[in-house]
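Colleague: Okay, handing you the structure first.
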Amino acid sequence: MTKHFIHLFALTIIPVKAAIIISEASTVASAPIEIGSNIYNFDVNNDGQIDWSMTSRTQVFGSNGVSVLSESTTGFIYQTLTVGDFARIIPLAAGTLIGTSLEDSIYSWYHGFGQGLSSRANNQNFGSFYLKEGYLGFELQADDGTHYGYAYLESLGTSSIRISQVAWETEPGKAIQAGNVPEPSSSLLLAISICLTATRRKRV
């Protein structure tokens with residue numbers, strides 16, 4: 001087993017009452033050429049616990065894809081269930097409010113499981129992020145309560161997704177807007193620190 005550790009440097013911006021931690025990077029979750037899978041683990045708040053993961057896989061007969069996996073303490077925003085439909089993660093637009101009360105009734109929180117984002121099987125392409133880009137809204141549980149955040153994902157095809165930004169709100173219970181970056185004029189620049197570690201494992 002080969003392990004690669006990717007350290008993403010974060011810009012820590014502290015307003016008067018809360019802080020938004022933003023990690024800029026260009027991590028690509030990509031399915032291996034041979035049959036097997038790669039796993040990318042994200043410790044969003046750098047507390048030593050994995051909050052969510054992405055897995056990219058290649059299976060027999062050429063099927064492949066990228067999926068998101070959730071820990072039991074992490075939830076993702078899904079499309080609300082409808083008759084004859086199933087829950088699916090959908091790309092959120094910039095400015096979408098991510099918090100306890102979602103601003104749009106078509107969204108719901110689902111915890112403890114994930115879903116395929118971009119895949120190909122039986123000569124068909126599918127997935128809510130296939131050839132799309134947008135924000136993945138999440139909430140995570142920490143010792144001081146529930147925190148909200150987002151990740152910006154960009155599909156690179158059926159078997160690859162780029163994660164270029166991850167952000168979370170340090171004040172428990174405080175909502176965050178997808179893609180919202182505090183203005184430097186109203187915030188205090190504290191430090192540049194490591195807040196996210198992505199671990200990639202290859203399993204055959």
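Chain labels run A, B, ... following the order of the structure tokens; each chain numbers its residues from 1, and ligands are numbered from 1 in the order shown.
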Mind checking DSSP for region 5-179 of chain A and telling me the strand (DSSP E or B) residues as JSON, numbers by chain?
Modeller: {"A": [5, 6, 7, 8, 9, 10, 11, 12, 13, 14, 20, 21, 22, 23, 24, 25, 26, 27, 28, 29, 30, 36, 37, 38, 39, 40, 41, 42, 52, 53, 54, 55, 56, 57, 58, 64, 65, 66, 67, 68, 69, 70, 74, 75, 76, 77, 78, 79, 89, 92, 97, 98, 107, 108, 109, 110, 111, 115, 116, 117, 118, 119, 120, 121, 124, 125, 126, 133, 134, 135, 136, 137, 138, 139, 140, 141, 142, 145, 146, 147, 148, 149, 150, 151, 152, 153, 154, 155, 160, 161, 162, 163, 164, 165, 166, 167, 168, 169, 176, 177]}
Colleague: Using only C-alpha atoms, what does the table of region 79-185 of chain A residues within 8 Å of region 43-47 of chain A look like, with each row giving the shortest atom pair and its distance in Å to one decimal, sorted by chain and ascending number, as a tab-separated table?
Modeller:
residue	atom	partner	partner_atom	distance
A:Val166	CA	A:Val44	CA	7.7
A:Ala167	CA	A:Val44	CA	8.0
A:Trp168	CA	A:Val44	CA	7.5
Colleague: Could those residues be written to a file, using N, CA and C atoms, as an mmCIF file, in the first residue's frame?
Modeller:
data_model
loop_
_atom_site.group_PDB
_atom_site.id
_atom_site.type_symbol
_atom_site.label_atom_id
_atom_site.label_comp_id
_atom_site.auth_asym_id
_atom_site.auth_seq_id
_atom_site.Cartn_x
_atom_site.Cartn_y
_atom_site.Cartn_z
ATOM 1 N N VAL A 166 -12.007 24.271 -0.007
ATOM 2 C CA VAL A 166 -12.810 23.757 1.105
ATOM 3 C C VAL A 166 -12.861 24.848 2.167
ATOM 4 N N ALA A 167 -14.046 25.137 2.695
ATOM 5 C CA ALA A 167 -14.187 26.177 3.712
ATOM 6 C C ALA A 167 -15.154 25.709 4.793
ATOM 7 N N TRP A 168 -14.946 26.199 6.012
ATOM 8 C CA TRP A 168 -15.876 25.881 7.089
ATOM 9 C C TRP A 168 -15.909 27.035 8.079
#
Colleague: Counting only C-alpha atoms, which residue out of A:Ile106, A:Leu140, A:Phe113, A:Gln79 sits closest to Phe42 (chain A)?
Modeller: A:Leu140
Colleague: Would you pick out the contacts of Asn122 (chain A) at 12 Å or less, using only C-alpha atoms, so that residues sharing its chain but fewer than 3 positions from it are not included, and give the list as a list of chain:residue names?
Modeller: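 Near neighbours after the sequence-gap exclusion: A:Gln59, A:Val60, A:Phe61, A:Gly62, A:Ser63, A:Asn64, A:Ser119, A:Asn125, A:Phe126.
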Colleague: Could those residues be written to a file, using N, CA and C atoms, as a compact mmCIF listing (two decimals), in the first residue's frame?
Modeller:
# COMPACT_ATOMS: atom_id res chain seq x y z
N GLN A 59 -13.71 -0.45 -12.19
CA GLN A 59 -14.21 -1.80 -12.00
C GLN A 59 -14.12 -2.57 -13.31
N VAL A 60 -14.58 -3.81 -13.27
CA VAL A 60 -14.53 -4.64 -14.47
C VAL A 60 -15.42 -4.06 -15.56
N PHE A 61 -15.12 -4.44 -16.80
CA PHE A 61 -15.90 -4.01 -17.97
C PHE A 61 -15.83 -2.49 -18.20
N GLY A 62 -14.79 -1.85 -17.63
CA GLY A 62 -14.56 -0.45 -17.92
C GLY A 62 -15.42 0.55 -17.18
N SER A 63 -16.21 0.11 -16.21
CA SER A 63 -17.01 1.07 -15.45
C SER A 63 -16.13 1.78 -14.43
N ASN A 64 -16.36 3.07 -14.24
CA ASN A 64 -15.57 3.83 -13.29
C ASN A 64 -16.40 5.00 -12.77
N SER A 119 -20.03 9.22 -12.94
CA SER A 119 -19.73 7.82 -13.20
C SER A 119 -20.05 7.44 -14.65
N ASN A 125 -23.20 7.76 -19.13
CA ASN A 125 -22.60 8.67 -18.16
C ASN A 125 -23.70 9.23 -17.27
N PHE A 126 -23.44 9.33 -15.99
CA PHE A 126 -24.46 9.84 -15.07
C PHE A 126 -23.80 10.39 -13.81
Colleague: Using only C-alpha atoms, which of the listed residues (A:Gly145, A:Gly173, A:Gly179, A:Gly114) sits closest to Tyr78 (chain A)?
Modeller: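 Using only C-alpha atoms, the shortest distance to Tyr78 (chain A) belongs to A:Gly114.
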Colleague: Please provide as a compact mmCIF listing (two decimals) with C-alpha atoms, in the first residue's frame all residues within 10 Å of Gly99 (chain A), with the sequence filter that same-chain residues fewer than 4 positions apart are discarded (counting only C-alpha atoms).
Modeller:
# COMPACT_ATOMS: atom_id res chain seq x y z
CA ILE A 77 -27.12 18.63 1.33
CA GLU A 103 -33.20 28.66 2.36
CA TRP A 109 -29.72 17.26 5.10
CA GLY A 137 -22.54 21.68 1.23
CA PHE A 138 -21.69 19.79 4.42
CA GLU A 139 -22.06 19.94 8.18
CA THR A 146 -22.24 21.57 14.63
CA HIS A 147 -20.20 23.43 12.02
CA TYR A 148 -21.12 24.21 8.41
CA GLY A 149 -18.95 24.35 5.32
CA GLY A 173 -24.29 26.75 14.56
CA LYS A 174 -23.43 29.70 12.31
CA ALA A 175 -24.47 29.39 8.66
CA ILE A 176 -22.04 29.93 5.79
CA GLN A 177 -22.70 31.02 2.22
Colleague: Using only C-alpha atoms, pick whichever of A:Thr55, A:Ser70, A:Ser101, A:Ser118 has the shortest atom-to-atom distance to Ser155 (chain A).
Modeller: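 Of A:Thr55, A:Ser70, A:Ser101, A:Ser118, the one nearest Ser155 (chain A), counting only C-alpha atoms, is A:Ser118.
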Colleague: Restricting the calculation to only C-alpha atoms, which member of A:Thr170, A:Thr80, A:Ser37, A:Ser67 is positioned closest to Gly127 (chain A)?
Modeller: A:Ser67
Colleague: One decimal, Å: what's the distance from CA of Ala31 (chain A) over to CA of Arg162 (chain A), could you say?
Modeller: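 If I compute the distance from CA of Ala31 (chain A) to CA of Arg162 (chain A), I get 12.0 Å.
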